[in-house]
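File shown: work_15.cif (mmCIF, C-alpha atoms (C1' of nucleotides)).
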```
data_query
loop_
_atom_site.label_atom_id
_atom_site.label_comp_id
_atom_site.auth_asym_id
_atom_site.auth_seq_id
_atom_site.Cartn_x
_atom_site.Cartn_y
_atom_site.Cartn_z
CA MET W 1 -61.31 228.71 152.82
CA SER W 2 -64.43 227.54 150.98
CA LYS W 3 -64.23 224.04 152.39
CA ARG W 4 -67.48 222.10 152.55
CA SER W 5 -68.29 218.74 153.98
CA THR W 6 -71.09 217.97 151.59
CA SER W 7 -70.53 214.65 149.90
CA LYS W 8 -69.05 215.78 146.66
CA HIS W 9 -66.72 212.77 146.87
CA PRO W 10 -67.33 209.03 147.15
CA SER W 11 -67.39 207.65 150.66
CA ILE W 12 -64.86 204.98 149.78
CA LEU W 13 -61.36 205.72 148.62
CA THR W 14 -60.12 203.71 145.69
CA LEU W 15 -56.42 203.58 146.34
CA GLU W 16 -55.51 202.64 142.78
CA ARG W 17 -57.07 205.81 141.47
CA PHE W 18 -55.74 208.11 144.14
CA LEU W 19 -53.11 210.37 142.65
CA PRO W 20 -50.61 210.53 145.53
CA TYR W 21 -50.69 206.77 145.78
CA ARG W 22 -50.26 206.25 142.06
CA LEU W 23 -47.34 208.63 141.91
CA SER W 24 -45.73 206.88 144.82
CA ILE W 25 -46.12 203.45 143.26
CA LEU W 26 -44.90 204.70 139.93
CA SER W 27 -41.89 206.40 141.42
CA ASN W 28 -41.01 203.40 143.56
CA ARG W 29 -41.19 201.15 140.57
CA ILE W 30 -39.07 203.42 138.40
CA SER W 31 -36.50 204.15 141.07
CA GLY W 32 -36.45 200.52 142.12
CA ILE W 33 -35.46 199.26 138.73
CA ILE W 34 -32.59 201.66 138.34
CA ALA W 35 -31.54 201.25 141.96
CA GLU W 36 -30.98 197.60 141.20
CA THR W 37 -28.74 198.47 138.30
CA TYR W 38 -26.73 200.99 140.29
CA ARG W 39 -26.32 198.49 143.08
CA ASP W 40 -25.40 195.51 140.93
CA LYS W 41 -23.15 197.26 138.46
CA PHE W 42 -21.60 199.99 140.60
CA ALA W 43 -22.37 199.15 144.22
CA LEU W 44 -24.01 202.52 144.64
CA SER W 45 -27.24 203.40 146.41
CA ILE W 46 -29.56 205.94 144.85
CA THR W 47 -28.53 208.50 147.44
CA GLU W 48 -24.86 207.88 146.82
CA TRP W 49 -25.38 208.19 143.10
CA ARG W 50 -27.32 211.41 143.47
CA ILE W 51 -24.52 212.90 145.48
CA MET W 52 -22.06 211.92 142.79
CA ALA W 53 -24.36 213.31 140.13
CA VAL W 54 -24.45 216.68 141.85
CA LEU W 55 -20.69 216.69 142.20
CA GLY W 56 -20.35 215.85 138.54
CA GLU W 57 -22.46 218.87 137.73
CA TYR W 58 -21.13 221.15 140.45
CA PRO W 59 -17.61 220.21 141.52
CA GLY W 60 -16.63 221.96 144.74
CA ALA W 61 -20.14 221.92 146.17
CA SER W 62 -20.46 221.60 149.94
CA ALA W 63 -22.38 218.86 151.72
CA ASP W 64 -25.03 221.40 152.57
CA GLU W 65 -25.42 222.43 148.97
CA VAL W 66 -25.64 218.83 147.87
CA SER W 67 -28.22 218.20 150.55
CA ALA W 68 -30.35 221.13 149.39
CA LYS W 69 -29.98 220.14 145.77
CA ILE W 70 -31.10 216.55 146.12
CA GLN W 71 -33.53 217.35 148.93
CA ILE W 72 -32.10 214.82 151.31
CA GLU W 73 -31.49 215.47 154.99
CA LYS W 74 -27.97 216.60 155.67
CA SER W 75 -27.41 213.82 158.18
CA ILE W 76 -28.15 211.27 155.51
CA VAL W 77 -25.88 213.02 153.07
CA SER W 78 -23.19 213.13 155.72
CA ARG W 79 -23.30 209.38 156.27
CA ALA W 80 -23.52 208.58 152.58
CA LEU W 81 -20.52 210.82 152.03
CA GLN W 82 -18.55 208.86 154.60
CA LYS W 83 -18.94 205.80 152.43
CA LEU W 84 -18.02 207.59 149.25
CA LEU W 85 -14.98 209.07 150.95
CA ALA W 86 -13.97 205.67 152.29
CA ARG W 87 -14.21 204.25 148.79
CA HIS W 88 -12.23 207.18 147.42
CA LEU W 89 -14.93 208.10 144.95
CA VAL W 90 -15.26 211.56 146.47
CA GLU W 91 -12.70 213.77 148.14
CA ARG W 92 -13.01 216.92 150.18
CA GLU W 93 -10.88 219.76 151.35
CA VAL W 94 -11.54 222.36 153.95
CA ASP W 95 -12.42 225.69 152.40
CA GLU W 96 -9.69 228.08 153.50
CA THR W 97 -11.93 231.12 153.43
CA ASP W 98 -14.53 229.39 155.64
CA ARG W 99 -13.17 226.52 157.62
CA ARG W 100 -16.60 225.16 158.49
CA ARG W 101 -17.12 224.36 154.88
CA GLN W 102 -15.66 221.43 152.96
CA ASN W 103 -15.48 221.50 149.22
CA LEU W 104 -16.40 218.18 147.68
CA SER W 105 -15.43 216.73 144.36
CA LEU W 106 -15.19 213.45 142.54
CA THR W 107 -11.83 211.75 142.64
CA LYS W 108 -10.30 210.37 139.47
CA THR W 109 -11.85 207.00 140.26
CA GLY W 110 -15.10 208.67 141.14
CA MET W 111 -15.09 210.44 137.82
CA GLU W 112 -14.51 207.16 136.00
CA ILE W 113 -17.51 205.59 137.70
CA TYR W 114 -19.50 208.72 137.03
CA LYS W 115 -18.74 208.49 133.34
CA GLN W 116 -19.99 204.93 133.31
CA VAL W 117 -23.17 205.63 135.22
CA VAL W 118 -24.28 208.63 133.19
CA PRO W 119 -24.97 206.79 129.93
CA VAL W 120 -26.63 203.91 131.75
CA SER W 121 -28.96 206.42 133.36
CA TYR W 122 -29.77 208.10 130.10
CA GLU W 123 -30.38 204.78 128.43
CA TYR W 124 -32.79 203.86 131.13
CA GLU W 125 -34.63 207.14 130.86
CA GLU W 126 -34.82 206.66 127.13
CA GLN W 127 -36.21 203.18 127.60
CA LEU W 128 -38.86 204.50 129.94
CA LEU W 129 -39.91 207.24 127.58
CA GLU W 130 -40.27 204.83 124.69
CA CYS W 131 -43.92 204.51 125.58
CA PHE W 132 -44.52 208.17 124.81
CA SER W 133 -44.54 210.04 121.54
CA LYS W 134 -42.43 213.16 121.24
CA ASN W 135 -45.48 215.22 121.91
CA GLU W 136 -46.51 213.20 124.89
CA ARG W 137 -43.06 213.53 126.37
CA GLU W 138 -43.27 217.27 126.20
CA THR W 139 -46.73 217.26 127.68
CA PHE W 140 -45.74 214.93 130.46
CA ASP W 141 -42.71 217.05 131.20
CA LYS W 142 -44.79 220.17 131.41
CA LEU W 143 -47.48 218.63 133.57
CA ILE W 144 -45.01 217.14 136.02
CA ASP W 145 -43.25 220.43 136.43
CA ARG W 146 -46.48 222.30 136.88
CA LEU W 147 -47.75 219.82 139.44
CA TYR W 148 -44.51 220.05 141.34
CA GLN W 149 -44.63 223.84 141.39
CA HIS W 150 -48.20 223.73 142.49
CA ALA W 151 -47.59 221.14 145.20
CA GLU W 152 -44.83 223.31 146.63
CA SER W 153 -47.33 226.06 147.16
CA ILE W 154 -49.80 223.92 149.07
CA ASP W 155 -50.14 224.50 152.77
CA PRO W 156 -50.67 221.14 154.49
CA ASN W 157 -53.16 222.75 156.81
CA GLY W 158 -55.00 224.70 154.16
CA MET X 1 -30.37 194.42 121.01
CA SER X 2 -29.86 197.77 119.35
CA LYS X 3 -27.88 199.29 122.20
CA ARG X 4 -25.15 201.66 121.14
CA SER X 5 -22.49 203.37 123.16
CA THR X 6 -22.00 206.24 120.78
CA SER X 7 -22.44 209.53 122.58
CA LYS X 8 -26.01 210.20 121.77
CA HIS X 9 -26.36 211.58 125.28
CA PRO X 10 -24.62 214.40 127.15
CA SER X 11 -21.62 213.39 129.25
CA ILE X 12 -23.05 215.12 132.31
CA LEU X 13 -26.29 214.15 133.95
CA THR X 14 -28.55 217.02 134.94
CA LEU X 15 -30.37 215.58 137.89
CA GLU X 16 -33.21 218.09 137.76
CA ARG X 17 -34.13 216.98 134.28
CA PHE X 18 -33.76 213.27 134.88
CA LEU X 19 -37.16 211.64 134.86
CA PRO X 20 -36.72 209.06 137.64
CA TYR X 21 -35.32 211.76 139.89
CA ARG X 22 -38.10 214.19 139.11
CA LEU X 23 -40.78 211.61 139.76
CA SER X 24 -39.16 210.70 143.02
CA ILE X 25 -38.97 214.31 144.18
CA LEU X 26 -42.51 214.96 143.06
CA SER X 27 -43.86 211.89 144.78
CA ASN X 28 -41.96 212.62 147.99
CA ARG X 29 -43.28 216.11 148.06
CA ILE X 30 -46.86 215.05 147.43
CA SER X 31 -46.78 212.14 149.85
CA GLY X 32 -44.92 214.22 152.40
CA ILE X 33 -47.61 216.86 152.58
CA ILE X 34 -50.41 214.42 153.08
CA ALA X 35 -48.34 212.27 155.43
CA GLU X 36 -48.11 215.28 157.69
CA THR X 37 -51.86 215.65 157.71
CA TYR X 38 -52.46 211.98 158.41
CA ARG X 39 -49.95 212.09 161.21
CA ASP X 40 -51.15 215.30 162.83
CA LYS X 41 -54.86 214.75 162.50
CA PHE X 42 -55.15 210.98 162.79
CA ALA X 43 -51.82 209.71 164.10
CA LEU X 44 -51.51 207.43 161.10
CA SER X 45 -48.49 206.73 158.94
CA ILE X 46 -48.93 206.47 155.20
CA THR X 47 -48.52 202.70 155.40
CA GLU X 48 -51.09 202.41 158.17
CA TRP X 49 -53.52 204.55 156.24
CA ARG X 50 -53.03 202.51 153.08
CA ILE X 51 -53.81 199.34 154.97
CA MET X 52 -56.99 200.90 156.30
CA ALA X 53 -57.87 202.15 152.84
CA VAL X 54 -57.63 198.64 151.44
CA LEU X 55 -59.75 197.27 154.26
CA GLY X 56 -62.32 199.96 153.62
CA GLU X 57 -62.49 198.82 150.03
CA TYR X 58 -62.11 195.10 150.67
CA PRO X 59 -63.27 194.08 154.13
CA GLY X 60 -62.09 190.60 155.03
CA ALA X 61 -58.87 190.84 153.06
CA SER X 62 -55.88 188.95 154.42
CA ALA X 63 -52.55 190.53 155.33
CA ASP X 64 -51.09 188.95 152.25
CA GLU X 65 -53.73 190.43 150.01
CA VAL X 66 -53.24 193.84 151.58
CA SER X 67 -49.52 193.52 151.10
CA ALA X 68 -49.94 192.67 147.42
CA LYS X 69 -52.46 195.43 146.90
CA ILE X 70 -50.37 198.23 148.33
CA GLN X 71 -47.09 196.73 147.16
CA ILE X 72 -45.50 196.78 150.55
CA GLU X 73 -43.45 193.95 152.01
CA LYS X 74 -45.53 191.63 154.11
CA SER X 75 -43.21 192.04 157.09
CA ILE X 76 -43.86 195.76 157.06
CA VAL X 77 -47.58 195.19 156.74
CA SER X 78 -47.41 192.72 159.59
CA ARG X 79 -45.78 195.23 161.91
CA ALA X 80 -48.04 198.08 160.87
CA LEU X 81 -51.00 195.81 161.50
CA GLN X 82 -49.79 195.16 165.01
CA LYS X 83 -50.14 198.85 165.74
CA LEU X 84 -53.56 199.10 164.14
CA LEU X 85 -54.72 196.06 166.09
CA ALA X 86 -53.34 197.50 169.31
CA ARG X 87 -55.25 200.72 168.68
CA HIS X 88 -58.38 198.73 167.86
CA LEU X 89 -58.74 200.32 164.46
CA VAL X 90 -58.51 196.94 162.77
CA GLU X 91 -59.61 193.52 163.92
CA ARG X 92 -58.93 190.06 162.61
CA GLU X 93 -60.32 186.60 162.91
CA VAL X 94 -58.87 183.32 161.87
CA ASP X 95 -60.48 182.01 158.72
CA GLU X 96 -62.14 178.76 159.70
CA THR X 97 -61.77 177.19 156.27
CA ASP X 98 -58.03 177.93 156.24
CA ARG X 99 -56.59 178.50 159.65
CA ARG X 100 -53.37 180.04 158.34
CA ARG X 101 -55.34 182.94 157.07
CA GLN X 102 -56.70 185.84 159.11
CA ASN X 103 -59.50 187.96 157.78
CA LEU X 104 -58.99 191.61 158.50
CA SER X 105 -61.53 194.36 158.80
CA LEU X 106 -61.96 197.83 160.22
CA THR X 107 -63.47 198.02 163.67
CA LYS X 108 -66.26 200.46 164.40
CA THR X 109 -63.68 202.99 165.56
CA GLY X 110 -61.53 202.21 162.56
CA MET X 111 -64.46 202.84 160.29
CA GLU X 112 -65.11 206.18 161.95
CA ILE X 113 -61.54 207.25 161.37
CA TYR X 114 -61.73 205.92 157.84
CA LYS X 115 -64.78 208.04 157.12
CA GLN X 116 -62.92 211.08 158.33
CA VAL X 117 -59.78 210.41 156.35
CA VAL X 118 -61.45 209.70 153.02
CA PRO X 119 -62.80 213.21 152.39
CA VAL X 120 -59.56 214.78 153.58
CA SER X 121 -57.74 212.67 151.02
CA TYR X 122 -60.08 213.58 148.22
CA GLU X 123 -59.88 217.24 149.11
CA TYR X 124 -56.15 217.06 148.94
CA GLU X 125 -56.19 215.33 145.59
CA GLU X 126 -58.61 217.95 144.34
CA GLN X 127 -56.33 220.69 145.56
CA LEU X 128 -53.41 219.12 143.76
CA LEU X 129 -55.29 218.79 140.52
CA GLU X 130 -56.38 222.40 140.58
CA CYS X 131 -53.38 223.23 138.49
CA PHE X 132 -54.67 221.09 135.61
CA SER X 133 -57.57 221.60 133.29
CA LYS X 134 -60.07 218.81 132.87
CA ASN X 135 -58.32 217.80 129.70
CA GLU X 136 -54.90 217.88 131.27
CA ARG X 137 -56.09 215.71 134.12
CA GLU X 138 -57.23 213.07 131.71
CA THR X 139 -54.01 213.26 129.77
CA PHE X 140 -51.91 213.08 132.91
CA ASP X 141 -53.91 210.15 134.12
CA LYS X 142 -53.44 208.30 130.88
CA LEU X 143 -49.72 209.02 130.66
CA ILE X 144 -49.06 207.96 134.23
CA ASP X 145 -50.88 204.70 133.73
CA ARG X 146 -49.11 204.03 130.48
CA LEU X 147 -45.71 204.78 131.97
CA TYR X 148 -46.44 202.50 134.88
CA GLN X 149 -47.50 199.68 132.61
CA HIS X 150 -44.44 200.20 130.51
CA ALA X 151 -42.08 200.36 133.48
CA GLU X 152 -43.43 197.06 134.72
CA SER X 153 -42.31 195.45 131.50
CA ILE X 154 -38.75 196.70 131.70
CA ASP X 155 -36.07 194.18 132.51
CA PRO X 156 -33.48 195.83 134.76
CA ASN X 157 -30.73 194.03 132.89
CA GLY X 158 -32.08 194.77 129.46
"C1'" DC F 1 -51.23 157.93 154.14
"C1'" DT F 2 -46.92 160.53 154.42
"C1'" DA F 3 -43.03 163.22 152.83
"C1'" DT F 4 -42.45 167.53 150.51
"C1'" DA F 5 -43.69 171.88 148.81
"C1'" DT F 6 -46.42 175.91 149.32
"C1'" DT F 7 -48.70 179.52 151.66
"C1'" DG F 8 -49.98 183.02 155.46
"C1'" DG F 9 -47.92 185.26 158.78
"C1'" DT F 10 -44.23 186.69 162.36
"C1'" DT F 11 -39.65 187.73 163.86
"C1'" DG F 12 -34.51 188.89 163.64
"C1'" DC F 13 -31.08 191.53 161.60
"C1'" DT F 14 -29.18 195.30 159.13
"C1'" DA F 15 -29.44 199.45 156.60
"C1'" DT F 16 -31.58 203.70 155.99
"C1'" DC F 17 -34.34 207.69 157.27
"C1'" DA F 18 -35.94 211.65 160.21
"C1'" DC F 19 -35.24 214.62 163.79
"C1'" DA F 20 -32.79 216.67 167.35
"C1'" DA F 21 -28.64 217.59 169.89
"C1'" DC F 22 -24.04 218.74 169.57
"C1'" DT F 23 -19.19 220.78 168.02
"C1'" DA F 24 -16.76 224.05 165.63
"C1'" DT F 25 -16.44 228.09 162.95
"C1'" DT F 26 -18.07 232.45 161.34
"C1'" DC F 27 -21.14 236.40 161.38
"C1'" DT F 28 -23.56 240.25 163.67
"C1'" DA F 29 -24.42 243.86 166.62
"C1'" DA F 30 -23.87 246.26 170.92
"C1'" DT T 1 -13.86 243.35 171.42
"C1'" DT T 2 -17.14 239.98 172.71
"C1'" DA T 3 -21.76 237.71 173.59
"C1'" DG T 4 -25.22 235.64 170.92
"C1'" DA T 5 -27.07 234.05 166.57
"C1'" DA T 6 -26.30 231.57 162.45
"C1'" DT T 7 -24.11 228.05 159.60
"C1'" DA T 8 -21.48 223.56 158.19
"C1'" DG T 9 -21.14 219.29 159.44
"C1'" DT T 10 -21.34 215.03 162.63
"C1'" DT T 11 -23.45 211.95 165.76
"C1'" DG T 12 -27.20 209.71 168.75
"C1'" DT T 13 -31.58 207.73 168.76
"C1'" DG T 14 -35.89 205.86 167.42
"C1'" DA T 15 -38.80 204.49 163.58
"C1'" DT T 16 -39.31 202.24 159.36
"C1'" DA T 17 -37.81 199.44 155.28
"C1'" DG T 18 -36.13 195.20 153.14
"C1'" DC T 19 -34.40 190.66 153.22
"C1'" DA T 20 -34.12 186.18 154.91
"C1'" DA T 21 -35.17 182.74 158.29
"C1'" DC T 22 -38.64 180.80 160.58
"C1'" DC T 23 -43.36 178.55 162.39
"C1'" DA T 24 -47.71 176.66 161.51
"C1'" DA T 25 -51.33 175.10 158.46
"C1'" DT T 26 -52.56 173.34 154.09
"C1'" DA T 27 -51.97 171.40 149.54
"C1'" DT T 28 -49.73 168.05 146.49
"C1'" DA T 29 -47.36 164.00 144.79
"C1'" DG T 30 -45.66 159.56 145.26
#
```
As structure tokens:
Amino acid sequence: MSKRSTSKHPSILTLERFLPYRLSILSNRISGIIAETYRDKFALSITEWRIMAVLGEYPGASADEVSAKIQIEKSIVSRALQKLLARHLVEREVDETDRRRQNLSLTKTGMEIYKQVVPVSYEYEEQLLECFSKNERETFDKLIDRLYQHAESIDPNG
Amino acid sequence: MSKRSTSKHPSILTLERFLPYRLSILSNRISGIIAETYRDKFALSITEWRIMAVLGEYPGASADEVSAKIQIEKSIVSRALQKLLARHLVEREVDETDRRRQNLSLTKTGMEIYKQVVPVSYEYEEQLLECFSKNERETFDKLIDRLYQHAESIDPNG
DNA sequence: CTATATTGGTTGCTATCACAACTATTCTAA
DNA sequence: TTAGAATAGTTGTGATAGCAACCAATATAG
């Protein structure tokens, strides 16, 4: 517990130096740029693209599995899927061994789009990482992963 | 401009290793935890808190300045402000030298809340950074800032 | 001056998100 | 078996985000 209310911190919060804020701004910026590209070039939202990305990696996944994978509410996945189905980028078939479940996969068209988006994404990532040396990339990678692991273990009411 | 379409990248995108995705997940996780605290303990949304944080740092700021500072659409700031005004956490007065402008500041109550939220925020940040050494914190700091600077310079249609 | 552009701020509209309720199917345990 | 819990997925609803249109005040240019 070891929580004390002595003033070990400043009494004013400088937003620009506050880690959660900075990560949020950074992430918004980085996602925003690529979201624009996905939208303009492929008419896909980030969520839609993430669903397709999962299906590219794991064909036959269920909506629930996709939802868990990309950490997006299943209702949101459900509605995004409706659009992808309507555009025939994704198809689904009822799993015969468990008729609650629907196995999802990219259609031929969906796969064509997928194959176009993948390199664009990698190019963008590459462009971002230009500002780091090889060493820095590895460090950044490691630190991000560690922070994520650590954050997962934090109890909001600790 | 030195863009090649030779397959220097894999043909499948592994979402979990894709930087923009990882940053987004990380940021969501980190903001999500603290959002819960703000909501439960102070009935504030992240946006509302950010507005208050700016006003704590810069009393007398205008809605436009707040909006620019926290990089949130002015319409969203406007609506969030309505709530803060209704709860008497923030007050505003028309600037007499420019009657379009309204100078915002925390009320007495708002300041009390502010003083409670600040240490909670710092504690949380501290808790997050536990997983880094002093050196790693500095490195992470530097890399984040550099990446942000760099991202700002990227042309989406480059 | 006065027409026009600019700026600070609000409002309308639509899309998206979060959460809960609901349907249908399958699993579990008496 | 069969009642109740669990699971896959959809839908309803309210809150928030993002964009554009808008109003009012001010600044600028002819």
Need to verify the contact set: Met52 (chain W), 10 Å, only C-alpha atoms (C1' of nucleotides), exclusion of same-chain residues closer than 3 positions in sequence. Can you return it as a PyMOL selection string?
chain W and resi 44+46-49+55-59+66+81+84+89-90+104-106+110-111+113-114+117
Would you mind reading off the distance between CA of Ile33 (chain W) and CA of Ala80 (chain W), one decimal, in Å?
20.5 Å
Check what the PyMOL selection byres ((chain W) within 10 of (chain T)) selects in the file above and give those residues as a ChimeraX atom specification.
/W:62-64,74-75,78-79,98-102
Selected residues, C-alpha atoms, written as an mmCIF file, keeping the file's coordinate frame, please.
```cif
data_model
loop_
_atom_site.group_PDB
_atom_site.id
_atom_site.type_symbol
_atom_site.label_atom_id
_atom_site.label_comp_id
_atom_site.auth_asym_id
_atom_site.auth_seq_id
_atom_site.Cartn_x
_atom_site.Cartn_y
_atom_site.Cartn_z
ATOM 1 C CA SER W 62 -20.460 221.600 149.940
ATOM 2 C CA ALA W 63 -22.380 218.860 151.720
ATOM 3 C CA ASP W 64 -25.030 221.400 152.570
ATOM 4 C CA LYS W 74 -27.970 216.600 155.670
ATOM 5 C CA SER W 75 -27.410 213.820 158.180
ATOM 6 C CA SER W 78 -23.190 213.130 155.720
ATOM 7 C CA ARG W 79 -23.300 209.380 156.270
ATOM 8 C CA ASP W 98 -14.530 229.390 155.640
ATOM 9 C CA ARG W 99 -13.170 226.520 157.620
ATOM 10 C CA ARG W 100 -16.600 225.160 158.490
ATOM 11 C CA ARG W 101 -17.120 224.360 154.880
ATOM 12 C CA GLN W 102 -15.660 221.430 152.960
#
```
Please indicate the distance in Å from CA of Ala151 (chain X) to CA of Tyr124 (chain X), rounded to one decimal place.
26.8 Å
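The nearest approach to chain X among the residues W:Glu96, W:Glu112, W:Glu73, W:Asp141, with only C-alpha atoms taken into account, belongs to W:Asp141.
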Separating CA of Leu147 (chain W) from CA of Val54 (chain X), to the nearest tenth of an Å, is a gap of 26.3 Å
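You can rank F:DC13, F:DC1, F:DA29, F:DC19 by their closest distance to chain W using only C-alpha atoms (C1' of nucleotides), and at the top of that list sits F:DC19.
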Using only C-alpha atoms (C1' of nucleotides), find each residue in chain F having at least one atom no more than 8 Å away from chain W; report its shortest atom-to-atom pair and that distance in Å (one decimal), rows by chain then rising number, as a tab-separated table.
```
residue	atom	partner	partner_atom	distance
F:DC17	C1'	W:Ile76	CA	7.4
F:DA18	C1'	W:Glu73	CA	7.9
F:DA24	C1'	W:Arg100	CA	7.2
F:DT25	C1'	W:Arg100	CA	5.3
F:DT26	C1'	W:Asp98	CA	7.4
```
When you get a sec, could you note down which chain X residues fall within 7 Å of chain W, using only C-alpha atoms, as a ChimeraX atom specification?
/X:9,11-15,19-20,23-24,26-27,30-31,33-34,37,53,56-57,115,118-119,122,125,128,131,140,147-148,150-151,156
If the box runs along x, y and z of the file and leaves 4 Å on each side of region 4-21 of chain T, what are its centre and edge lengths in Å, one decimal, as lines of an AutoDock Vina configuration file?
```
center_x = -30.2
center_y = 209.2
center_z = 162.0
size_x = 26.2
size_y = 60.9
size_z = 25.8
```
